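Note: the block below is input-v9.cif and it holds mmCIF, C-alpha atoms.
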data_work
#
loop_
_atom_site.label_atom_id
_atom_site.label_comp_id
_atom_site.auth_asym_id
_atom_site.auth_seq_id
_atom_site.Cartn_x
_atom_site.Cartn_y
_atom_site.Cartn_z
CA MET A 1 -30.20 5.18 -6.17
CA ASN A 2 -31.54 1.91 -4.78
CA LEU A 3 -30.49 1.79 -1.12
CA THR A 4 -30.70 -1.99 -0.74
CA ARG A 5 -28.40 -2.46 -3.70
CA LEU A 6 -26.04 0.16 -2.28
CA PHE A 7 -25.84 -1.45 1.17
CA LEU A 8 -25.44 -4.92 -0.32
CA CYS A 9 -22.64 -3.65 -2.53
CA VAL A 10 -20.89 -1.97 0.41
CA LEU A 11 -21.04 -5.28 2.26
CA LEU A 12 -19.73 -7.33 -0.66
CA MET A 13 -16.94 -4.82 -1.35
CA ALA A 14 -15.87 -4.99 2.30
CA ALA A 15 -15.81 -8.80 2.18
CA ALA A 16 -13.85 -8.88 -1.09
CA SER A 17 -11.33 -6.45 0.43
CA TYR A 18 -10.99 -8.18 3.80
CA LEU A 19 -10.85 -11.86 2.80
CA PRO A 20 -7.53 -11.81 0.92
CA ARG A 21 -6.00 -9.87 3.80
CA VAL A 22 -7.25 -11.91 6.71
CA VAL A 23 -6.85 -15.47 5.45
CA PRO A 24 -3.03 -15.63 5.35
CA ILE A 25 -2.66 -13.75 8.64
CA ALA A 26 -5.17 -15.99 10.39
CA VAL A 27 -3.79 -19.22 8.89
CA PHE A 28 0.00 -18.73 8.99
CA ARG A 29 0.48 -18.17 12.68
CA LYS A 30 3.74 -20.09 12.90
CA LYS A 31 6.96 -18.82 11.43
CA ILE A 32 8.00 -20.40 8.15
CA ARG A 33 11.55 -21.77 8.47
CA ASN A 34 12.37 -22.69 4.87
CA PRO A 35 15.11 -20.23 3.77
CA TYR A 36 13.80 -20.07 0.19
CA VAL A 37 10.30 -19.20 1.31
CA GLN A 38 11.71 -16.73 3.82
CA SER A 39 13.81 -15.08 1.14
CA PHE A 40 10.84 -14.99 -1.21
CA LEU A 41 8.71 -13.27 1.40
CA SER A 42 11.44 -10.82 2.32
CA TYR A 43 12.02 -9.75 -1.30
CA MET A 44 8.29 -9.53 -1.93
CA PRO A 45 7.66 -6.05 -0.43
CA TYR A 46 10.34 -4.45 -2.60
CA ALA A 47 9.18 -6.23 -5.74
CA VAL A 48 5.53 -5.29 -5.17
CA LEU A 49 6.29 -1.68 -4.26
CA GLY A 50 8.58 -1.34 -7.28
CA ALA A 51 5.92 -2.72 -9.60
CA MET A 52 3.25 -0.46 -8.12
CA THR A 53 5.41 2.67 -8.31
CA PHE A 54 6.69 2.31 -11.87
CA PRO A 55 5.48 3.41 -14.30
CA ASP A 56 2.35 4.63 -12.46
CA ILE A 57 4.18 7.44 -10.67
CA LEU A 58 4.63 9.15 -14.06
CA TYR A 59 0.84 9.45 -14.39
CA SER A 60 0.08 10.43 -10.79
CA THR A 61 -0.05 14.19 -11.39
CA SER A 62 -1.45 16.62 -13.98
CA SER A 63 1.53 16.33 -16.31
CA MET A 64 4.44 13.97 -16.84
CA LEU A 65 6.85 16.89 -16.49
CA SER A 66 5.74 17.62 -12.94
CA ALA A 67 5.71 13.91 -12.14
CA LEU A 68 9.32 13.61 -13.34
CA ALA A 69 10.30 16.54 -11.11
CA GLY A 70 8.61 14.88 -8.14
CA LEU A 71 10.23 11.54 -8.98
CA ALA A 72 13.68 13.17 -9.14
CA VAL A 73 13.22 14.83 -5.75
CA ALA A 74 11.90 11.59 -4.22
CA LEU A 75 14.89 9.61 -5.58
CA LEU A 76 17.36 12.21 -4.31
CA LEU A 77 15.87 12.48 -0.81
CA SER A 78 15.57 8.68 -0.57
CA TYR A 79 19.14 8.17 -1.68
CA PHE A 80 20.29 10.36 1.19
CA GLU A 81 17.91 8.43 3.47
CA LYS A 82 15.98 11.48 4.65
CA GLY A 83 12.93 9.44 5.64
CA LEU A 84 9.42 8.90 4.30
CA MET A 85 7.78 12.19 5.26
CA PRO A 86 10.46 14.47 3.73
CA ALA A 87 10.38 12.38 0.55
CA ALA A 88 6.58 12.61 0.34
CA LEU A 89 6.49 16.35 1.10
CA GLY A 90 9.52 17.15 -1.06
CA ALA A 91 8.06 15.37 -4.08
CA THR A 92 4.67 17.04 -3.53
CA ALA A 93 6.33 20.47 -3.32
CA ALA A 94 8.35 19.82 -6.48
CA VAL A 95 5.20 18.82 -8.38
CA PHE A 96 3.33 21.87 -7.09
CA ILE A 97 6.13 24.27 -8.10
CA VAL A 98 6.61 22.78 -11.56
CA GLU A 99 2.86 22.82 -12.24
CA GLN A 100 2.51 26.45 -11.14
CA VAL A 101 5.56 27.55 -13.15
CA SER A 102 4.43 25.77 -16.30
CA ARG A 103 0.95 27.27 -15.88
CA LEU A 104 2.48 30.77 -15.68
CA ALA A 105 4.80 30.01 -18.61
CA ALA A 106 1.81 28.86 -20.66
CA GLY A 107 0.24 32.21 -19.86
CA MET B 1 15.73 -3.27 23.33
CA ARG B 2 13.70 -3.18 20.14
CA LYS B 3 10.43 -3.63 21.98
CA GLN B 4 10.81 -0.19 23.59
CA GLY B 5 10.67 1.46 20.18
CA GLN B 6 7.36 -0.10 19.21
CA THR B 7 4.70 1.98 20.92
CA PHE B 8 1.31 3.23 19.81
CA GLY B 9 2.79 6.72 19.45
CA LYS B 10 5.66 5.50 17.26
CA GLY B 11 3.16 3.67 15.06
CA PHE B 12 0.94 6.71 14.76
CA HIS B 13 3.94 8.88 13.94
CA ASP B 14 5.22 6.43 11.33
CA GLY B 15 1.76 6.52 9.76
CA LEU B 16 1.76 10.28 9.21
CA PRO B 17 3.21 10.20 5.69
CA ILE B 18 0.51 7.66 4.82
CA LEU B 19 -2.15 9.89 6.39
CA LEU B 20 -0.94 12.73 4.19
CA GLY B 21 -0.99 10.66 1.03
CA TYR B 22 -4.36 9.11 1.86
CA LEU B 23 -5.98 12.51 2.41
CA SER B 24 -5.66 13.37 -1.26
CA VAL B 25 -6.51 9.94 -2.64
CA ALA B 26 -9.55 9.58 -0.36
CA PHE B 27 -10.53 13.16 -1.15
CA ALA B 28 -10.64 12.23 -4.82
CA PHE B 29 -12.67 9.13 -3.94
CA GLY B 30 -15.20 11.20 -1.99
CA MET B 31 -15.52 13.60 -4.90
CA LEU B 32 -15.98 10.76 -7.38
CA GLY B 33 -18.71 9.25 -5.21
CA THR B 34 -20.81 12.38 -4.96
CA GLU B 35 -20.21 13.21 -8.63
CA GLN B 36 -21.66 9.82 -9.54
CA GLY B 37 -24.81 10.60 -7.62
CA PHE B 38 -24.33 8.66 -4.40
CA PRO B 39 -25.68 10.09 -1.15
CA PHE B 40 -22.95 12.08 0.63
CA TRP B 41 -22.51 9.44 3.35
CA ALA B 42 -22.04 6.51 0.96
CA PRO B 43 -18.35 7.06 0.02
CA THR B 44 -17.48 7.45 3.71
CA LEU B 45 -19.30 4.23 4.58
CA ILE B 46 -17.31 2.46 1.86
CA SER B 47 -14.01 3.94 3.08
CA LEU B 48 -14.83 2.87 6.64
CA THR B 49 -15.59 -0.72 5.68
CA SER B 50 -13.36 -1.49 2.67
CA PHE B 51 -10.24 0.57 3.42
CA THR B 52 -8.63 -0.12 0.06
CA GLY B 53 -7.72 2.32 -2.68
CA THR B 54 -8.12 0.98 -6.19
CA GLY B 55 -10.87 -1.45 -5.22
CA GLN B 56 -13.08 1.37 -3.95
CA PHE B 57 -12.65 3.52 -7.05
CA VAL B 58 -13.46 0.60 -9.31
CA GLY B 59 -16.34 -0.61 -7.15
CA VAL B 60 -18.09 2.76 -6.97
CA THR B 61 -17.69 3.36 -10.70
CA MET B 62 -19.11 -0.07 -11.51
CA LEU B 63 -21.97 0.35 -9.05
CA ALA B 64 -22.88 3.72 -10.57
CA ASN B 65 -22.88 2.12 -14.01
CA GLY B 66 -25.35 -0.53 -12.92
CA VAL B 67 -22.98 -3.49 -13.12
CA ALA B 68 -24.18 -6.70 -11.44
CA LEU B 69 -23.12 -7.14 -7.81
CA LEU B 70 -21.46 -10.49 -8.42
CA GLU B 71 -19.31 -9.00 -11.13
CA ILE B 72 -18.35 -6.08 -8.89
CA THR B 73 -17.43 -8.44 -6.06
CA ILE B 74 -15.27 -10.66 -8.27
CA THR B 75 -13.50 -7.69 -9.83
CA ILE B 76 -12.68 -6.20 -6.43
CA PHE B 77 -11.53 -9.57 -5.19
CA ILE B 78 -9.15 -9.87 -8.15
CA ILE B 79 -7.83 -6.35 -7.59
CA ASN B 80 -7.24 -7.26 -3.95
CA ILE B 81 -5.65 -10.67 -4.42
CA ARG B 82 -2.24 -9.04 -4.11
CA TYR B 83 -3.06 -8.50 -0.44
CA PHE B 84 -2.85 -12.24 -0.08
CA LEU B 85 0.88 -12.02 -0.73
CA MET B 86 1.32 -9.03 1.54
CA SER B 87 -0.62 -10.60 4.38
CA LEU B 88 1.41 -13.78 3.99
CA SER B 89 4.58 -11.74 4.25
CA LEU B 90 3.20 -9.71 7.17
CA SER B 91 2.06 -12.85 9.01
CA GLN B 92 5.73 -13.82 9.30
CA LYS B 93 6.65 -10.53 10.89
CA LEU B 94 3.97 -10.39 13.59
CA GLU B 95 4.99 -11.15 17.14
CA ASP B 96 4.71 -14.81 18.13
CA GLY B 97 1.62 -15.56 20.15
CA MET B 98 -0.37 -12.56 18.95
CA PRO B 99 -4.01 -13.58 19.60
CA LEU B 100 -6.27 -14.28 16.64
CA TRP B 101 -8.55 -11.27 17.26
CA GLN B 102 -5.55 -8.94 17.16
CA ARG B 103 -4.32 -10.59 13.97
CA MET B 104 -7.75 -10.09 12.44
CA ILE B 105 -7.67 -6.37 13.23
CA VAL B 106 -4.15 -6.01 11.85
CA ALA B 107 -5.33 -7.82 8.70
CA PHE B 108 -8.04 -5.21 8.15
CA GLY B 109 -5.39 -2.49 8.22
CA ASN B 110 -2.99 -4.25 5.87
CA THR B 111 -3.09 -1.79 2.98
CA ASP B 112 -0.21 -1.41 0.50
CA GLU B 113 1.15 1.55 2.41
CA ILE B 114 0.77 0.17 5.93
CA PHE B 115 2.37 -3.05 4.76
CA ALA B 116 5.25 -1.09 3.27
CA VAL B 117 5.90 0.92 6.42
CA SER B 118 5.56 -2.03 8.78
CA MET B 119 8.00 -4.09 6.71
CA GLN B 120 10.55 -1.36 7.29
CA GLN B 121 10.53 -1.90 11.04
CA LYS B 122 13.35 -3.86 12.59
CA GLY B 123 12.30 -7.03 14.36
CA LEU B 124 8.86 -8.45 14.93
CA LEU B 125 5.79 -6.22 15.07
CA ASN B 126 3.61 -5.87 18.13
CA PHE B 127 -0.09 -5.02 18.29
CA ARG B 128 0.23 -1.54 19.84
CA TYR B 129 2.57 -0.36 17.13
CA MET B 130 0.35 -1.77 14.37
CA ILE B 131 -2.76 -0.15 15.86
CA GLY B 132 -1.04 3.25 15.99
CA LEU B 133 0.11 2.88 12.40
CA ILE B 134 -3.28 1.70 11.17
CA LEU B 135 -5.28 4.35 13.04
CA SER B 136 -3.11 7.12 11.70
CA ALA B 137 -3.52 5.97 8.10
CA TYR B 138 -7.20 5.04 8.56
CA SER B 139 -8.08 8.48 9.94
CA GLY B 140 -6.47 10.10 6.89
CA TRP B 141 -8.44 7.76 4.63
CA VAL B 142 -11.80 8.37 6.30
CA LEU B 143 -11.27 12.10 6.87
CA GLY B 144 -10.18 12.61 3.27
CA THR B 145 -13.31 10.83 2.05
CA VAL B 146 -15.57 12.93 4.27
CA ILE B 147 -14.01 16.18 3.09
CA GLY B 148 -14.04 15.09 -0.53
CA SER B 149 -17.68 14.07 -0.54
CA VAL B 150 -19.00 17.02 1.47
CA ALA B 151 -17.03 19.95 0.18
CA SER B 152 -14.99 19.29 -2.90
CA SER B 153 -13.93 22.92 -3.09
CA ILE B 154 -11.98 23.10 0.19
CA LEU B 155 -8.64 21.96 -1.21
CA PRO B 156 -7.44 23.83 -4.31
CA GLN B 157 -7.15 21.52 -7.32
CA ALA B 158 -3.45 22.38 -7.66
CA ILE B 159 -2.69 20.92 -4.23
CA VAL B 160 -4.81 17.81 -4.82
CA SER B 161 -2.91 17.16 -8.04
CA ALA B 162 0.47 17.66 -6.36
CA LEU B 163 -0.45 15.33 -3.48
CA GLY B 164 -1.08 12.56 -6.02
CA ILE B 165 2.62 11.78 -5.99
CA ALA B 166 2.99 11.60 -2.19
CA ILE B 167 2.30 7.86 -1.84
CA PHE B 168 4.65 6.95 -4.68
CA ALA B 169 7.40 9.14 -3.21
CA MET B 170 6.93 7.29 0.05
CA PHE B 171 7.28 3.93 -1.72
CA ILE B 172 10.54 5.14 -3.27
CA ALA B 173 11.79 6.23 0.15
CA ILE B 174 11.08 2.69 1.37
CA ILE B 175 12.81 0.93 -1.53
CA ILE B 176 15.97 2.99 -2.05
CA PRO B 177 17.73 2.93 1.35
CA PRO B 178 17.84 -0.90 1.70
CA ALA B 179 18.58 -1.22 -2.02
CA LYS B 180 21.70 0.89 -1.54
CA HIS B 181 23.13 -1.82 0.68
CA SER B 182 21.81 -4.94 -1.05
CA LYS B 183 22.47 -5.94 -4.64
CA PRO B 184 19.78 -8.67 -4.59
CA ILE B 185 17.14 -6.09 -3.66
CA VAL B 186 18.26 -3.87 -6.56
CA ILE B 187 17.97 -6.78 -8.96
CA VAL B 188 14.57 -7.87 -7.62
CA VAL B 189 13.22 -4.31 -7.86
CA LEU B 190 14.59 -3.82 -11.39
CA ILE B 191 12.99 -7.06 -12.58
CA ALA B 192 9.66 -6.07 -11.01
CA VAL B 193 9.79 -2.57 -12.52
CA ALA B 194 10.73 -3.85 -15.98
CA MET B 195 7.87 -6.34 -15.90
CA SER B 196 5.44 -3.73 -14.61
CA CYS B 197 6.38 -1.43 -17.51
CA MET B 198 5.74 -4.29 -19.92
CA PHE B 199 2.27 -4.78 -18.45
CA LYS B 200 1.64 -1.08 -18.98
CA TYR B 201 2.96 -0.61 -22.50
CA VAL B 202 3.16 -3.91 -24.40
CA PRO B 203 -0.01 -4.49 -26.44
CA GLY B 204 -1.82 -7.60 -25.24
CA LEU B 205 -0.04 -7.58 -21.89
CA ASN B 206 -1.66 -4.24 -21.08
CA GLN B 207 -5.03 -5.99 -21.14
CA VAL B 208 -4.10 -7.72 -17.88
CA SER B 209 -5.82 -6.06 -14.92
CA SER B 210 -3.51 -4.08 -12.65
CA GLY B 211 -4.30 -6.39 -9.73
CA TRP B 212 -2.99 -9.45 -11.57
CA ALA B 213 -0.08 -7.51 -13.06
CA VAL B 214 1.20 -6.56 -9.60
CA ILE B 215 0.91 -10.16 -8.43
CA ILE B 216 2.74 -11.57 -11.46
CA CYS B 217 5.51 -8.97 -11.19
CA GLY B 218 5.85 -9.40 -7.44
CA VAL B 219 5.89 -13.21 -7.48
CA THR B 220 8.26 -13.55 -10.44
CA ALA B 221 10.78 -10.99 -9.20
CA SER B 222 10.84 -12.32 -5.62
CA LEU B 223 11.02 -15.90 -6.87
CA ILE B 224 14.07 -15.10 -8.98
CA GLY B 225 15.55 -13.26 -5.99
CA ALA B 226 14.88 -16.17 -3.62
CA LEU B 227 16.34 -18.76 -6.00
CA ARG B 228 19.44 -16.76 -6.89
CA TYR B 229 20.10 -15.10 -3.53
CA PRO B 230 18.54 -17.27 -0.82
CA VAL B 231 19.74 -15.24 2.14
CA LEU B 232 18.06 -14.17 5.32
CA HIS B 233 18.07 -10.44 5.56
CA THR B 234 16.23 -7.19 6.32
CA ALA B 235 12.73 -8.53 6.90
CA TYR B 236 13.85 -10.84 9.67
CA PRO B 237 16.59 -9.00 11.54
CA ASP B 238 15.76 -10.82 14.76
CA LYS B 239 17.23 -14.00 13.32
CA GLU B 240 20.15 -12.18 11.78
CA THR B 241 21.41 -10.66 14.99
CA GLY B 242 20.43 -13.51 17.25
CA GLU B 243 19.16 -10.89 19.66
CA ALA B 244 17.85 -12.49 22.84
CA GLU B 245 14.17 -12.17 23.70
CA GLN B 246 13.72 -10.22 26.91
#

Just give me the structure as structure tokens.
Amino acid sequence: MNLTRLFLCVLLMAAASYLPRVVPIAVFRKKIRNPYVQSFLSYMPYAVLGAMTFPDILYSTSSMLSALAGLAVALLLSYFEKGLMPAALGATAAVFIVEQVSRLAAG
Amino acid sequence: MRKQGQTFGKGFHDGLPILLGYLSVAFAFGMLGTEQGFPFWAPTLISLTSFTGTGQFVGVTMLANGVALLEITITIFIINIRYFLMSLSLSQKLEDGMPLWQRMIVAFGNTDEIFAVSMQQKGLLNFRYMIGLILSAYSGWVLGTVIGSVASSILPQAIVSALGIAIFAMFIAIIIPPAKHSKPIVIVVLIAVAMSCMFKYVPGLNQVSSGWAVIICGVTASLIGALRYPVLHTAYPDKETGEAEQ
């Protein structure tokens, strides 16, 4: 592996990751007052998170069955507002159990 | 009142679910890096400097395949353009008068997950809280990469696979509670999810890179939400309650 190319690539990757993040934060230092823009920006997190979660969550584990189990547990715990950590751990545990059981069932 | 809640410790604590999720993702990244023949320190160096999920996976794979640097840079930039939206949204939630250098540090830590958790906080965000949150997540990201690239046999594969869902479960835990109390949020999320599924499954549309797909879904759904339900809510509770600055 060519080290110069590697270091140069690390540098360029860092720049391409940092630029889109820093420009808006550095530029928009005053609060935007327009209610439409405010509403747009306040809906944005939910829209983006929704789009990133579905359907990708179904492919985030070894099988769609285990992913569905994890999704169900996450939905349930979130509905009862148990917090982020319990939802993350609960879904992980559900996936783990389903994958182990189906491995045993498959023999 | 709300200022008391926002300490370094609270931020670090709020970042723990992210730390957990990052451990497994970064672990996989570290493994990928060494598998592709990079020196063991290279994935960690990338995690330290880039601090972004998808972009790193794509970048390392392209680099290993001998793709030109310009092409790698442009691809990663496109994948990361969605951060532009998130940083714009976050910029509106940072405390007034936060110095530029602090803003620039917060910007480095504005990953999908940190953004998501910080948007959940009531009121404006201060620097100490953000640093706690970022450090907690960042340590998970870097530590996971180190472990993954040095000893890929420490964590059993079964646990790595199960942890793959942790971040998504966290996203769901962020979306559902406010959605329960707000019909506009439900509608915005459903539009975004429906569009995202189209970008995954509809032939032609599934050629669009995931970076652009997220942007198009996010912008369209929030735009519809803003035009149909232009109300001030959750993200700016300070204006809602008229709470006096102390």

B:Glu35 surroundings by all atoms listed in the file, 12 Å radius, close-in-sequence under 3 positions cut, as a PyMOL selection string: chain B and resi 28-32+38-40+42-43+60-61+64+148-152

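For the residues B:Ala221, B:Ile176, B:Val202, B:Ile215, ranking by smallest atom-to-atom distance to B:Val188 using only C-alpha atoms places B:Ala221 first.
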
What lies within 10 Å of stretch 86-100 of chain B using all atoms listed in the file, ignoring chain neighbours under 3 positions off, as an mmCIF file with C-alpha atoms, in the frame of the given file?
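out-v8.cif was written with the following content:
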data_model
loop_
_atom_site.group_PDB
_atom_site.id
_atom_site.type_symbol
_atom_site.label_atom_id
_atom_site.label_comp_id
_atom_site.auth_asym_id
_atom_site.auth_seq_id
_atom_site.Cartn_x
_atom_site.Cartn_y
_atom_site.Cartn_z
ATOM 1 C CA PRO A 20 -7.530 -11.810 0.920
ATOM 2 C CA ARG A 21 -6.000 -9.870 3.800
ATOM 3 C CA VAL A 22 -7.250 -11.910 6.710
ATOM 4 C CA VAL A 23 -6.850 -15.470 5.450
ATOM 5 C CA PRO A 24 -3.030 -15.630 5.350
ATOM 6 C CA ILE A 25 -2.660 -13.750 8.640
ATOM 7 C CA ALA A 26 -5.170 -15.990 10.390
ATOM 8 C CA VAL A 27 -3.790 -19.220 8.890
ATOM 9 C CA PHE A 28 0.000 -18.730 8.990
ATOM 10 C CA ARG A 29 0.480 -18.170 12.680
ATOM 11 C CA LYS A 30 3.740 -20.090 12.900
ATOM 12 C CA LYS A 31 6.960 -18.820 11.430
ATOM 13 C CA ILE A 32 8.000 -20.400 8.150
ATOM 14 C CA ARG A 33 11.550 -21.770 8.470
ATOM 15 C CA VAL A 37 10.300 -19.200 1.310
ATOM 16 C CA GLN A 38 11.710 -16.730 3.820
ATOM 17 C CA PHE A 40 10.840 -14.990 -1.210
ATOM 18 C CA LEU A 41 8.710 -13.270 1.400
ATOM 19 C CA SER A 42 11.440 -10.820 2.320
ATOM 20 C CA TYR A 43 12.020 -9.750 -1.300
ATOM 21 C CA MET A 44 8.290 -9.530 -1.930
ATOM 22 C CA PRO A 45 7.660 -6.050 -0.430
ATOM 23 C CA VAL A 48 5.530 -5.290 -5.170
ATOM 24 C CA ILE B 81 -5.650 -10.670 -4.420
ATOM 25 C CA ARG B 82 -2.240 -9.040 -4.110
ATOM 26 C CA TYR B 83 -3.060 -8.500 -0.440
ATOM 27 C CA ARG B 103 -4.320 -10.590 13.970
ATOM 28 C CA MET B 104 -7.750 -10.090 12.440
ATOM 29 C CA ILE B 105 -7.670 -6.370 13.230
ATOM 30 C CA VAL B 106 -4.150 -6.010 11.850
ATOM 31 C CA ALA B 107 -5.330 -7.820 8.700
ATOM 32 C CA PHE B 108 -8.040 -5.210 8.150
ATOM 33 C CA ASN B 110 -2.990 -4.250 5.870
ATOM 34 C CA THR B 111 -3.090 -1.790 2.980
ATOM 35 C CA ASP B 112 -0.210 -1.410 0.500
ATOM 36 C CA PHE B 115 2.370 -3.050 4.760
ATOM 37 C CA ALA B 116 5.250 -1.090 3.270
ATOM 38 C CA SER B 118 5.560 -2.030 8.780
ATOM 39 C CA MET B 119 8.000 -4.090 6.710
ATOM 40 C CA GLN B 121 10.530 -1.900 11.040
ATOM 41 C CA LYS B 122 13.350 -3.860 12.590
ATOM 42 C CA GLY B 123 12.300 -7.030 14.360
ATOM 43 C CA LEU B 124 8.860 -8.450 14.930
ATOM 44 C CA LEU B 125 5.790 -6.220 15.070
ATOM 45 C CA ASN B 126 3.610 -5.870 18.130
ATOM 46 C CA PHE B 127 -0.090 -5.020 18.290
ATOM 47 C CA MET B 130 0.350 -1.770 14.370
ATOM 48 C CA ALA B 235 12.730 -8.530 6.900
ATOM 49 C CA TYR B 236 13.850 -10.840 9.670
ATOM 50 C CA ASP B 238 15.760 -10.820 14.760
#

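By all atoms listed in the file, and with residues fewer than 3 positions from B:Ile159 along its chain excluded, the set lying at most 9 Å from it is Thr92 and Phe96 of chain A; Ser24, Leu155, Pro156, Ala162, Leu163 and Gly164 of chain B.
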
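In this comparison, which uses only C-alpha atoms, the residue of B:Ser50, B:Ala213, B:Val231, B:Gly109 approaching A:Ser17 most closely is B:Ser50.
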
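Between A:Ala72 and the residues B:Leu85, B:Ala194, B:Ala173, B:Gly132, the shortest atom-to-atom distance, using all atoms listed in the file, involves B:Ala173.
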
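The shortest atom-to-atom distance to B:Leu45, with only C-alpha atoms taken into account, belongs to B:Val146 out of B:Ile191, B:Val146, B:Phe168, B:Phe199.
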
Please expand the PyMOL selection byres ((chain A and resi 59) around 12) into the concrete residues it hits in this file, giving the result as a ChimeraX atom specification. /A:52-58,60-68,70-71,95 /B:161-162,164-165,168,200

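Proximity to chain A was assessed for B:Gln6, B:Gln207, B:Leu20, B:Leu133 counting only C-alpha atoms; the smallest distance is recorded for B:Leu20.
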
Step by step, work through what the PyMOL selection byres ((chain A and resi 74) around 8) selects in the shown file, and finish by giving those residues as a count of residues only. 16

Length of the atom CA of B:Gly21 to atom CA of A:Glu99 vector [Å]: 18.4 Å

Result set of the PyMOL selection byres ((chain B and resi 14-19) around 10) on the coordinates above, as an MDAnalysis selection string: (chainID A and resid 83:89) or (chainID B and resid 8:13 20:24 113:114 117:118 121 129:130 132:144 166:167 169:170)

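For the pair atom CA of A:Ser39 and atom CA of B:Ser196, the separation is 21.1 Å.
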